[in-house]
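As structure tokens, the structure follows; a few thoughts come after it.
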There are 2 protein chains.
Amino acid sequence: MNQAVTACVIVIGNEILSGRTQDTNLNHIATTLGGWGIQVHHARVIPDDEDIIVNTINEVRTTYDYVFTTGGIGPTHDDITAVCIAKAFAVPVIQHPEIAERIRQRPAPDDIMASRLLMARVPEGASLIDNPSGGPQGFAMDNVYVMAGIPRVMQAMLSTLEGELQSGFVVRSHTIRAYTGESSIADALAQIQRDYPSVDIGSYPFLREERYGTHLVIRGADTDVLTTVADAVMDAVRAIGEEPENLGLDADT
Amino acid sequence: MNQAVTACVIVIGNEILSGRTQDTNLNHIATTLGGWGIQVHHARVIPDDEDIIVNTINEVRTTYDYVFTTGGIGPTHDDITAVCIAKAFAVPVIQHPEIAERIRQRPAPDDIMASRLLMARVPEGASLIDNPSGGPQGFAMDNVYVMAGIPRVMQAMLSTLEGELQSGFVVRSHTIRAYTGESSIADALAQIQRDYPSVDIGSYPFLREERYGTHLVIRGADTDVLTTVADAVMDAVRAIGEEPENLGLDADT
């Protein structure tokens, strides 16, 4: 089996921290990377503040295999991500000729073009992340991938990285639905977790059509082990007099 | 004017990092605390891992006035938040009599009750956060507030803290809608931001009924200054030949 490959997501933007905007980028990145065999192990939401961005990037880029940032690469004064990444890597900011070329394809008066060209700023040595939505590209500096904050643009950028990143094992999930409280099955689950330390068993209570229940989710890389553990979990549900529903692999509940 | 009072939100749970669950707790906490005069300056999403939880709590509780955690206080083996908070504060874990009393009000066989009573674990010295949704209470240890991960339970717990926390100034927002690209107004916005450093001007592009535009959001504590800056922003929009829409204070866009 491959090694685990890990990622950290940094969501940059005052609007997320103020509550003005509900972040959905972390969820999309986590799901997408998970499918590629990269596990998001950590995420942060930080403000548009130069020192905080620089220090955060320098802290996490040595801890995780990959860092993905969203936000702060537009043309306005609060778009400081490119400058901060350059500072984190102690390199100058340059205007990337390919991004500038794409920006210049759409004509504009000089002053507006000058603002738009701020989106061509990248740290010296950065490579590009293409942007199939048509706007300026994102960039990668070493293991730090810098993407837009607007979800559809971020998603377009991320999609271009498929097959381009180092990947480890893919973690899959097997879900059992049980109309029982968590407490009724807690002891049995804990024992199964001890018996199978290579999987990660989670229990997530729900209210569905006015009935309380628990989704029992077994996560791991080996589907044979997942099946074995799922069987054990279903037996544990039956042992308390409930009939489990086996939702199978990668169920969307 | 009061001082700023700051908060950090720690979302604990593998299910958020895997993408299985879309977090909404950060947004609710940020919006609610903002209304109470407490600014969320930082947020993290971390896994159900003892060392990571303990180290994270000890890092952030000295940096921010308040820390709010969600997740990991249920009755199963992956609910380790109470134990971790106790470890962070270097105190023993106790069974809190008031939580235990509430749990015992709903009868259950001994083994299930034993699991349920795990939800009564708190660090020695903790005070309670009531839970109007009827389940076991959350708890506060010093400036760290520990709440459930299920949104409706977390929201019920948080609501009980209204008026109980130290508060600073309330940051309000004034929103201008302009059907213009960000680049067209970037220079003018940057100048206004320089002229009024006490506010925070953000620009958020949108696509609405097939028209592109930008929400220009001015955030600050002094509504007179917000009005002055909003007027300046509207003049800047008019200067490029567009008529701005003044959405006013605290607009929900």
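Each chain in the structure tokens gets a letter, A, B and so on, in the order shown; residues start at 1 in every chain, and ligands are counted from 1 in the order they appear.
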Q: Compute the set of chain A residues within 6 Å of chain B, using only C-alpha atoms, and express it as a PyMOL selection string.
A: chain A and resi 17-19+22+27+30-31+40+42-46+75-77+112+115-116+183-184+186+190
Take chain B, superimpose it onto chain A by least squares using every C-alpha atom paired in sequence order, and output the result as a compact mmCIF listing (two decimals) with C-alpha atoms, in the first residue's frame.
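To be explicit, this is the file written out as out25.txt:
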# COMPACT_ATOMS: atom_id res chain seq x y z
CA MET B 1 0.01 0.05 -0.04
CA ASN B 2 1.15 3.59 -0.73
CA GLN B 3 1.98 6.09 1.96
CA ALA B 4 -0.57 8.59 3.15
CA VAL B 5 -0.27 11.89 1.31
CA THR B 6 -1.57 14.81 3.37
CA ALA B 7 -2.89 18.27 2.68
CA CYS B 8 -3.78 21.42 4.55
CA VAL B 9 -6.39 23.88 3.29
CA ILE B 10 -6.02 27.59 4.07
CA VAL B 11 -9.15 29.63 3.44
CA ILE B 12 -8.14 33.31 3.26
CA GLY B 13 -10.79 35.94 3.72
CA ASN B 14 -12.36 38.30 6.23
CA GLU B 15 -15.78 37.54 4.71
CA ILE B 16 -15.63 33.93 5.90
CA LEU B 17 -14.58 34.90 9.45
CA SER B 18 -17.26 37.58 9.72
CA GLY B 19 -19.93 35.08 8.70
CA ARG B 20 -20.88 37.11 5.63
CA THR B 21 -19.98 34.16 3.42
CA GLN B 22 -20.48 30.46 4.12
CA ASP B 23 -17.33 28.64 3.03
CA THR B 24 -17.86 25.64 0.77
CA ASN B 25 -14.35 25.45 -0.65
CA LEU B 26 -12.94 23.27 2.13
CA ASN B 27 -15.63 20.65 1.56
CA HIS B 28 -15.07 20.59 -2.20
CA ILE B 29 -11.30 20.41 -1.88
CA ALA B 30 -11.49 17.67 0.78
CA THR B 31 -13.84 15.53 -1.28
CA THR B 32 -11.89 16.01 -4.50
CA LEU B 33 -8.46 15.40 -3.03
CA GLY B 34 -9.79 12.40 -1.09
CA GLY B 35 -10.80 10.82 -4.38
CA TRP B 36 -7.29 11.41 -5.69
CA GLY B 37 -5.63 9.76 -2.70
CA ILE B 38 -4.71 12.92 -0.78
CA GLN B 39 -6.10 13.34 2.75
CA VAL B 40 -6.92 16.79 4.11
CA HIS B 41 -5.65 16.63 7.70
CA HIS B 42 -6.01 20.25 8.71
CA ALA B 43 -7.74 23.45 7.65
CA ARG B 44 -7.62 27.06 8.75
CA VAL B 45 -9.60 30.17 8.02
CA ILE B 46 -7.49 33.30 8.33
CA PRO B 47 -8.02 37.01 7.68
CA ASP B 48 -6.61 39.17 4.87
CA ASP B 49 -3.58 40.07 7.00
CA GLU B 50 -0.07 39.90 5.59
CA ASP B 51 1.78 38.73 8.69
CA ILE B 52 -0.82 36.10 9.50
CA ILE B 53 -0.86 34.74 5.95
CA VAL B 54 2.94 34.62 5.70
CA ASN B 55 3.38 32.95 9.09
CA THR B 56 0.58 30.47 8.49
CA ILE B 57 1.94 29.40 5.11
CA ASN B 58 5.42 28.95 6.52
CA GLU B 59 4.08 26.90 9.41
CA VAL B 60 1.94 24.51 7.41
CA ARG B 61 3.96 24.04 4.23
CA THR B 62 6.61 22.10 6.11
CA THR B 63 4.07 19.96 7.99
CA TYR B 64 1.84 18.73 5.18
CA ASP B 65 2.67 17.33 1.75
CA TYR B 66 0.44 19.90 0.06
CA VAL B 67 -1.09 23.23 0.98
CA PHE B 68 -4.09 24.61 -0.92
CA THR B 69 -5.16 28.20 -0.45
CA THR B 70 -8.35 29.88 -1.60
CA GLY B 71 -9.03 33.59 -1.82
CA GLY B 72 -7.21 36.87 -2.17
CA ILE B 73 -5.97 36.68 -5.77
CA GLY B 74 -8.27 39.27 -7.34
CA PRO B 75 -7.40 42.82 -8.46
CA THR B 76 -8.31 44.90 -5.40
CA HIS B 77 -6.39 46.23 -2.42
CA ASP B 78 -7.47 43.33 -0.18
CA ASP B 79 -6.08 40.72 -2.60
CA ILE B 80 -2.69 40.15 -1.03
CA THR B 81 -2.19 36.40 -1.30
CA ALA B 82 0.38 36.44 -4.12
CA VAL B 83 2.49 39.03 -2.32
CA CYS B 84 2.27 37.02 0.91
CA ILE B 85 3.28 33.73 -0.72
CA ALA B 86 6.28 35.46 -2.27
CA LYS B 87 7.23 36.84 1.11
CA ALA B 88 6.83 33.40 2.72
CA PHE B 89 9.27 31.97 0.18
CA ALA B 90 11.51 35.06 0.32
CA VAL B 91 11.38 35.66 -3.43
CA PRO B 92 10.30 38.73 -5.41
CA VAL B 93 6.87 39.13 -6.96
CA ILE B 94 6.88 39.14 -10.75
CA GLN B 95 4.24 39.67 -13.42
CA HIS B 96 3.73 36.28 -15.06
CA PRO B 97 3.75 36.68 -18.86
CA GLU B 98 1.15 33.96 -19.53
CA ILE B 99 -1.34 35.36 -17.04
CA ALA B 100 -0.72 38.89 -18.33
CA GLU B 101 -1.29 37.68 -21.89
CA ARG B 102 -4.63 36.15 -20.95
CA ILE B 103 -5.68 39.32 -19.13
CA ARG B 104 -4.72 41.49 -22.12
CA GLN B 105 -6.91 39.44 -24.46
CA ARG B 106 -9.88 41.36 -23.05
CA PRO B 107 -9.28 45.05 -23.87
CA ALA B 108 -9.78 47.77 -21.27
CA PRO B 109 -8.73 51.36 -20.61
CA ASP B 110 -5.22 51.74 -19.23
CA ASP B 111 -6.18 52.27 -15.60
CA ILE B 112 -8.54 49.30 -15.52
CA MET B 113 -5.98 47.15 -17.29
CA ALA B 114 -3.38 48.16 -14.70
CA SER B 115 -5.68 46.91 -11.95
CA ARG B 116 -6.47 43.72 -13.80
CA LEU B 117 -2.80 43.03 -14.33
CA LEU B 118 -2.42 42.82 -10.56
CA MET B 119 -3.94 39.37 -11.02
CA ALA B 120 -0.83 38.39 -12.97
CA ARG B 121 1.37 38.78 -9.89
CA VAL B 122 3.07 35.55 -8.80
CA PRO B 123 6.14 34.75 -6.74
CA GLU B 124 9.24 34.32 -8.92
CA GLY B 125 9.57 30.65 -9.77
CA ALA B 126 5.86 29.83 -9.52
CA SER B 127 4.19 27.52 -12.01
CA LEU B 128 0.65 28.09 -13.23
CA ILE B 129 -2.62 26.39 -12.32
CA ASP B 130 -4.84 26.69 -15.36
CA ASN B 131 -8.25 28.29 -15.07
CA PRO B 132 -10.79 26.67 -17.40
CA SER B 133 -13.40 29.22 -16.29
CA GLY B 134 -11.51 31.65 -18.51
CA GLY B 135 -10.09 34.16 -16.04
CA PRO B 136 -6.53 34.60 -14.82
CA GLN B 137 -4.71 31.47 -13.75
CA GLY B 138 -3.77 30.44 -10.21
CA PHE B 139 -0.25 29.38 -9.33
CA ALA B 140 1.78 26.86 -7.40
CA MET B 141 4.92 27.67 -5.47
CA ASP B 142 6.71 24.50 -4.37
CA ASN B 143 3.97 22.51 -2.54
CA VAL B 144 1.63 25.50 -2.05
CA TYR B 145 -1.28 25.74 -4.52
CA VAL B 146 -2.92 29.14 -4.70
CA MET B 147 -6.47 29.29 -6.05
CA ALA B 148 -9.35 31.75 -6.32
CA GLY B 149 -11.93 32.15 -3.58
CA ILE B 150 -15.01 32.11 -5.81
CA PRO B 151 -16.18 28.49 -5.64
CA ARG B 152 -16.81 27.90 -9.34
CA VAL B 153 -13.41 29.40 -10.26
CA MET B 154 -11.63 27.46 -7.52
CA GLN B 155 -13.32 24.25 -8.65
CA ALA B 156 -12.27 24.87 -12.25
CA MET B 157 -8.66 25.45 -11.18
CA LEU B 158 -8.57 22.40 -8.91
CA SER B 159 -9.94 20.17 -11.65
CA THR B 160 -6.85 20.85 -13.76
CA LEU B 161 -4.63 19.29 -11.10
CA GLU B 162 -6.14 15.82 -11.47
CA GLY B 163 -3.33 13.38 -12.19
CA GLU B 164 -0.70 16.07 -11.57
CA LEU B 165 -0.19 15.53 -7.84
CA GLN B 166 1.58 12.85 -5.88
CA SER B 167 -1.08 10.56 -4.45
CA GLY B 168 -1.25 7.97 -1.71
CA PHE B 169 -3.92 5.49 -0.85
CA VAL B 170 -7.55 6.43 -1.34
CA VAL B 171 -9.55 6.33 1.88
CA ARG B 172 -13.03 4.95 1.31
CA SER B 173 -15.99 4.82 3.63
CA HIS B 174 -18.57 2.13 4.34
CA THR B 175 -21.76 3.40 5.95
CA ILE B 176 -24.29 1.52 8.07
CA ARG B 177 -27.53 3.22 9.04
CA ALA B 178 -29.08 2.19 12.35
CA TYR B 179 -32.20 3.58 13.99
CA THR B 180 -30.63 3.49 17.41
CA GLY B 181 -29.02 6.00 19.74
CA GLU B 182 -25.26 6.25 19.83
CA SER B 183 -25.12 5.19 23.46
CA SER B 184 -26.75 1.83 22.75
CA ILE B 185 -23.93 0.81 20.52
CA ALA B 186 -21.00 2.77 21.94
CA ASP B 187 -19.36 -0.13 23.81
CA ALA B 188 -19.54 -2.49 20.86
CA LEU B 189 -18.16 0.17 18.50
CA ALA B 190 -15.28 0.91 20.83
CA GLN B 191 -14.39 -2.78 20.92
CA ILE B 192 -14.54 -3.07 17.12
CA GLN B 193 -12.37 0.04 16.83
CA ARG B 194 -9.80 -1.58 19.14
CA ASP B 195 -9.91 -4.80 17.11
CA TYR B 196 -9.37 -3.00 13.80
CA PRO B 197 -7.05 -0.06 14.40
CA SER B 198 -6.38 0.36 10.67
CA VAL B 199 -9.87 1.76 10.14
CA ASP B 200 -11.48 4.85 11.62
CA ILE B 201 -15.01 4.31 12.95
CA GLY B 202 -17.22 7.34 13.38
CA SER B 203 -20.81 7.63 14.52
CA TYR B 204 -23.00 10.52 13.35
CA PRO B 205 -26.47 10.92 14.86
CA PHE B 206 -29.25 12.07 12.55
CA LEU B 207 -32.94 12.92 12.58
CA ARG B 208 -34.62 11.56 9.44
CA GLU B 209 -38.37 11.58 8.79
CA GLU B 210 -38.85 12.22 12.52
CA ARG B 211 -36.82 9.19 13.55
CA TYR B 212 -33.51 9.43 15.38
CA GLY B 213 -30.70 7.21 14.25
CA THR B 214 -26.97 6.99 13.77
CA HIS B 215 -24.82 6.66 10.71
CA LEU B 216 -21.91 4.38 11.52
CA VAL B 217 -19.11 5.19 9.12
CA ILE B 218 -16.03 3.04 8.75
CA ARG B 219 -13.17 4.68 6.86
CA GLY B 220 -10.04 3.01 5.60
CA ALA B 221 -7.96 2.17 2.57
CA ASP B 222 -8.52 -1.60 2.36
CA THR B 223 -12.00 -2.43 1.12
CA ASP B 224 -11.75 -6.05 2.32
CA VAL B 225 -11.12 -4.82 5.86
CA LEU B 226 -13.95 -2.29 5.47
CA THR B 227 -16.33 -5.13 4.56
CA THR B 228 -15.20 -7.22 7.53
CA VAL B 229 -15.64 -4.31 9.93
CA ALA B 230 -19.00 -3.38 8.40
CA ASP B 231 -20.19 -6.95 9.05
CA ALA B 232 -19.04 -6.68 12.66
CA VAL B 233 -20.83 -3.33 13.06
CA MET B 234 -24.03 -4.76 11.58
CA ASP B 235 -23.83 -7.72 13.97
CA ALA B 236 -23.49 -5.26 16.84
CA VAL B 237 -26.60 -3.41 15.69
CA ARG B 238 -28.53 -6.68 15.44
CA ALA B 239 -27.33 -7.64 18.93
CA ILE B 240 -29.30 -4.72 20.35
CA GLY B 241 -32.40 -5.76 18.46
CA GLU B 242 -32.27 -3.37 15.49
CA GLU B 243 -31.91 -4.24 11.83
CA PRO B 244 -29.11 -2.20 10.25
CA GLU B 245 -29.27 -0.81 6.73
CA ASN B 246 -26.09 -1.48 4.80
CA LEU B 247 -25.55 1.64 2.67
CA GLY B 248 -22.28 0.26 1.34
CA LEU B 249 -19.18 2.01 0.07
CA ASP B 250 -18.96 5.78 -0.28
CA ALA B 251 -22.63 6.32 0.48
CA ASP B 252 -23.89 9.86 0.27
CA THR B 253 -26.06 10.22 3.36
**Q.** Per-residue DSSP, region 90-238 of chain B, filtered to strand (DSSP E or B), as a ChimeraX atom specification
**A.** /B:93-95,121-123,127-129,138-141,144-147,172-178,200-208,211-220
Residue set, region 47-179 of chain A restricted to helix (DSSP H, G or I), as a PDB file with N, CA and C atoms, in the first residue's frame:
ATOM      1  N   GLU A  50      -1.330  40.376   6.167  1.00  0.00           N
ATOM      2  CA  GLU A  50      -0.075  39.900   5.583  1.00  0.00           C
ATOM      3  C   GLU A  50       0.733  39.021   6.545  1.00  0.00           C
ATOM      4  N   ASP A  51       0.966  39.519   7.754  1.00  0.00           N
ATOM      5  CA  ASP A  51       1.790  38.736   8.691  1.00  0.00           C
ATOM      6  C   ASP A  51       1.165  37.374   8.983  1.00  0.00           C
ATOM      7  N   ILE A  52      -0.150  37.387   9.160  1.00  0.00           N
ATOM      8  CA  ILE A  52      -0.820  36.124   9.490  1.00  0.00           C
ATOM      9  C   ILE A  52      -0.718  35.144   8.323  1.00  0.00           C
ATOM     10  N   ILE A  53      -0.930  35.654   7.107  1.00  0.00           N
ATOM     11  CA  ILE A  53      -0.860  34.755   5.949  1.00  0.00           C
ATOM     12  C   ILE A  53       0.562  34.194   5.799  1.00  0.00           C
ATOM     13  N   VAL A  54       1.554  35.063   5.873  1.00  0.00           N
ATOM     14  CA  VAL A  54       2.943  34.625   5.695  1.00  0.00           C
ATOM     15  C   VAL A  54       3.320  33.585   6.757  1.00  0.00           C
ATOM     16  N   ASN A  55       3.007  33.887   8.005  1.00  0.00           N
ATOM     17  CA  ASN A  55       3.383  32.970   9.083  1.00  0.00           C
ATOM     18  C   ASN A  55       2.637  31.639   8.985  1.00  0.00           C
ATOM     19  N   THR A  56       1.375  31.717   8.617  1.00  0.00           N
ATOM     20  CA  THR A  56       0.581  30.490   8.491  1.00  0.00           C
ATOM     21  C   THR A  56       1.148  29.599   7.386  1.00  0.00           C
ATOM     22  N   ILE A  57       1.413  30.203   6.231  1.00  0.00           N
ATOM     23  CA  ILE A  57       1.941  29.414   5.109  1.00  0.00           C
ATOM     24  C   ILE A  57       3.268  28.768   5.506  1.00  0.00           C
ATOM     25  N   ASN A  58       4.125  29.528   6.146  1.00  0.00           N
ATOM     26  CA  ASN A  58       5.421  28.967   6.521  1.00  0.00           C
ATOM     27  C   ASN A  58       5.307  27.892   7.590  1.00  0.00           C
ATOM     28  N   GLU A  59       4.274  27.978   8.403  1.00  0.00           N
ATOM     29  CA  GLU A  59       4.074  26.935   9.410  1.00  0.00           C
ATOM     30  C   GLU A  59       3.570  25.644   8.751  1.00  0.00           C
ATOM     31  N   VAL A  60       2.585  25.744   7.883  1.00  0.00           N
ATOM     32  CA  VAL A  60       1.934  24.522   7.403  1.00  0.00           C
ATOM     33  C   VAL A  60       2.640  23.882   6.210  1.00  0.00           C
ATOM     34  N   THR A  81      -2.753  37.748  -1.454  1.00  0.00           N
ATOM     35  CA  THR A  81      -2.202  36.396  -1.299  1.00  0.00           C
ATOM     36  C   THR A  81      -0.894  36.203  -2.059  1.00  0.00           C
ATOM     37  N   ALA A  82      -0.824  36.655  -3.328  1.00  0.00           N
ATOM     38  CA  ALA A  82       0.395  36.435  -4.123  1.00  0.00           C
ATOM     39  C   ALA A  82       1.607  37.089  -3.454  1.00  0.00           C
ATOM     40  N   VAL A  83       1.413  38.321  -2.993  1.00  0.00           N
ATOM     41  CA  VAL A  83       2.506  39.032  -2.312  1.00  0.00           C
ATOM     42  C   VAL A  83       2.931  38.271  -1.054  1.00  0.00           C
ATOM     43  N   CYS A  84       1.958  37.745  -0.333  1.00  0.00           N
ATOM     44  CA  CYS A  84       2.275  37.029   0.912  1.00  0.00           C
ATOM     45  C   CYS A  84       3.007  35.714   0.642  1.00  0.00           C
ATOM     46  N   ILE A  85       2.594  35.004  -0.404  1.00  0.00           N
ATOM     47  CA  ILE A  85       3.272  33.741  -0.705  1.00  0.00           C
ATOM     48  C   ILE A  85       4.724  34.027  -1.106  1.00  0.00           C
ATOM     49  N   ALA A  86       4.923  35.077  -1.916  1.00  0.00           N
ATOM     50  CA  ALA A  86       6.298  35.459  -2.284  1.00  0.00           C
ATOM     51  C   ALA A  86       7.124  35.755  -1.034  1.00  0.00           C
ATOM     52  N   LYS A  87       6.518  36.483  -0.114  1.00  0.00           N
ATOM     53  CA  LYS A  87       7.229  36.834   1.121  1.00  0.00           C
ATOM     54  C   LYS A  87       7.542  35.573   1.937  1.00  0.00           C
ATOM     55  N   ALA A  88       6.596  34.655   1.969  1.00  0.00           N
ATOM     56  CA  ALA A  88       6.819  33.419   2.713  1.00  0.00           C
ATOM     57  C   ALA A  88       8.011  32.647   2.140  1.00  0.00           C
ATOM     58  N   PRO A  97       4.124  36.301 -17.477  1.00  0.00           N
ATOM     59  CA  PRO A  97       3.757  36.668 -18.849  1.00  0.00           C
ATOM     60  C   PRO A  97       2.524  35.944 -19.377  1.00  0.00           C
ATOM     61  N   GLU A  98       2.333  34.679 -18.993  1.00  0.00           N
ATOM     62  CA  GLU A  98       1.164  33.954 -19.513  1.00  0.00           C
ATOM     63  C   GLU A  98      -0.145  34.462 -18.919  1.00  0.00           C
ATOM     64  N   ILE A  99      -0.099  34.799 -17.635  1.00  0.00           N
ATOM     65  CA  ILE A  99      -1.338  35.344 -17.041  1.00  0.00           C
ATOM     66  C   ILE A  99      -1.616  36.717 -17.650  1.00  0.00           C
ATOM     67  N   ALA A 100      -0.552  37.526 -17.773  1.00  0.00           N
ATOM     68  CA  ALA A 100      -0.728  38.869 -18.344  1.00  0.00           C
ATOM     69  C   ALA A 100      -1.288  38.785 -19.766  1.00  0.00           C
ATOM     70  N   GLU A 101      -0.796  37.810 -20.517  1.00  0.00           N
ATOM     71  CA  GLU A 101      -1.283  37.653 -21.887  1.00  0.00           C
ATOM     72  C   GLU A 101      -2.779  37.344 -21.896  1.00  0.00           C
ATOM     73  N   ARG A 102      -3.185  36.458 -20.988  1.00  0.00           N
ATOM     74  CA  ARG A 102      -4.622  36.125 -20.950  1.00  0.00           C
ATOM     75  C   ARG A 102      -5.450  37.352 -20.552  1.00  0.00           C
ATOM     76  N   ILE A 103      -4.944  38.103 -19.589  1.00  0.00           N
ATOM     77  CA  ILE A 103      -5.684  39.293 -19.131  1.00  0.00           C
ATOM     78  C   ILE A 103      -5.801  40.321 -20.261  1.00  0.00           C
ATOM     79  N   ARG A 104      -4.729  40.464 -21.051  1.00  0.00           N
ATOM     80  CA  ARG A 104      -4.729  41.485 -22.108  1.00  0.00           C
ATOM     81  C   ARG A 104      -5.622  41.096 -23.295  1.00  0.00           C
ATOM     82  N   ASP A 110      -6.502  51.922 -19.899  1.00  0.00           N
ATOM     83  CA  ASP A 110      -5.208  51.704 -19.235  1.00  0.00           C
ATOM     84  C   ASP A 110      -5.312  51.501 -17.723  1.00  0.00           C
ATOM     85  N   ASP A 111      -6.123  52.353 -17.073  1.00  0.00           N
ATOM     86  CA  ASP A 111      -6.156  52.256 -15.605  1.00  0.00           C
ATOM     87  C   ASP A 111      -6.831  50.955 -15.144  1.00  0.00           C
ATOM     88  N   ILE A 112      -7.858  50.550 -15.886  1.00  0.00           N
ATOM     89  CA  ILE A 112      -8.516  49.293 -15.521  1.00  0.00           C
ATOM     90  C   ILE A 112      -7.596  48.113 -15.818  1.00  0.00           C
ATOM     91  N   MET A 113      -6.890  48.199 -16.968  1.00  0.00           N
ATOM     92  CA  MET A 113      -5.944  47.133 -17.305  1.00  0.00           C
ATOM     93  C   MET A 113      -4.861  47.026 -16.237  1.00  0.00           C
ATOM     94  N   ALA A 114      -4.406  48.171 -15.743  1.00  0.00           N
ATOM     95  CA  ALA A 114      -3.362  48.142 -14.705  1.00  0.00           C
ATOM     96  C   ALA A 114      -3.863  47.392 -13.463  1.00  0.00           C
ATOM     97  N   SER A 115      -5.119  47.618 -13.091  1.00  0.00           N
ATOM     98  CA  SER A 115      -5.677  46.894 -11.939  1.00  0.00           C
ATOM     99  C   SER A 115      -5.804  45.411 -12.254  1.00  0.00           C
ATOM    100  N   ARG A 116      -6.302  45.127 -13.447  1.00  0.00           N
ATOM    101  CA  ARG A 116      -6.476  43.714 -13.803  1.00  0.00           C
ATOM    102  C   ARG A 116      -5.155  42.961 -13.803  1.00  0.00           C
ATOM    103  N   LEU A 117      -4.100  43.684 -14.240  1.00  0.00           N
ATOM    104  CA  LEU A 117      -2.799  43.006 -14.318  1.00  0.00           C
ATOM    105  C   LEU A 117      -2.243  42.649 -12.936  1.00  0.00           C
ATOM    106  N   LEU A 118      -2.846  43.213 -11.888  1.00  0.00           N
ATOM    107  CA  LEU A 118      -2.435  42.796 -10.540  1.00  0.00           C
ATOM    108  C   LEU A 118      -2.710  41.306 -10.351  1.00  0.00           C
ATOM    109  N   MET A 119      -3.656  40.796 -11.122  1.00  0.00           N
ATOM    110  CA  MET A 119      -3.953  39.363 -11.017  1.00  0.00           C
ATOM    111  C   MET A 119      -2.887  38.495 -11.686  1.00  0.00           C
ATOM    112  N   ALA A 120      -1.920  39.117 -12.361  1.00  0.00           N
ATOM    113  CA  ALA A 120      -0.815  38.364 -12.967  1.00  0.00           C
ATOM    114  C   ALA A 120       0.383  38.249 -12.033  1.00  0.00           C
ATOM    115  N   PRO A 151     -16.148  29.963  -5.527  1.00  0.00           N
ATOM    116  CA  PRO A 151     -16.190  28.503  -5.635  1.00  0.00           C
ATOM    117  C   PRO A 151     -16.092  27.958  -7.056  1.00  0.00           C
ATOM    118  N   ARG A 152     -16.855  28.519  -8.002  1.00  0.00           N
ATOM    119  CA  ARG A 152     -16.828  27.899  -9.335  1.00  0.00           C
ATOM    120  C   ARG A 152     -15.457  28.092  -9.997  1.00  0.00           C
ATOM    121  N   VAL A 153     -14.760  29.175  -9.683  1.00  0.00           N
ATOM    122  CA  VAL A 153     -13.428  29.393 -10.254  1.00  0.00           C
ATOM    123  C   VAL A 153     -12.420  28.464  -9.572  1.00  0.00           C
ATOM    124  N   MET A 154     -12.518  28.374  -8.248  1.00  0.00           N
ATOM    125  CA  MET A 154     -11.637  27.458  -7.514  1.00  0.00           C
ATOM    126  C   MET A 154     -11.817  26.036  -8.023  1.00  0.00           C
ATOM    127  N   GLN A 155     -13.067  25.631  -8.204  1.00  0.00           N
ATOM    128  CA  GLN A 155     -13.338  24.257  -8.650  1.00  0.00           C
ATOM    129  C   GLN A 155     -12.754  23.994 -10.036  1.00  0.00           C
ATOM    130  N   ALA A 156     -12.850  25.018 -10.905  1.00  0.00           N
ATOM    131  CA  ALA A 156     -12.278  24.874 -12.251  1.00  0.00           C
ATOM    132  C   ALA A 156     -10.760  24.713 -12.163  1.00  0.00           C
ATOM    133  N   MET A 157     -10.131  25.544 -11.333  1.00  0.00           N
ATOM    134  CA  MET A 157      -8.675  25.448 -11.173  1.00  0.00           C
ATOM    135  C   MET A 157      -8.269  24.084 -10.618  1.00  0.00           C
ATOM    136  N   LEU A 158      -8.958  23.661  -9.550  1.00  0.00           N
ATOM    137  CA  LEU A 158      -8.590  22.396  -8.905  1.00  0.00           C
ATOM    138  C   LEU A 158      -8.714  21.227  -9.879  1.00  0.00           C
ATOM    139  N   SER A 159      -9.722  21.290 -10.725  1.00  0.00           N
ATOM    140  CA  SER A 159      -9.962  20.161 -11.650  1.00  0.00           C
ATOM    141  C   SER A 159      -8.766  19.930 -12.571  1.00  0.00           C
TER     142      SER A 159
END
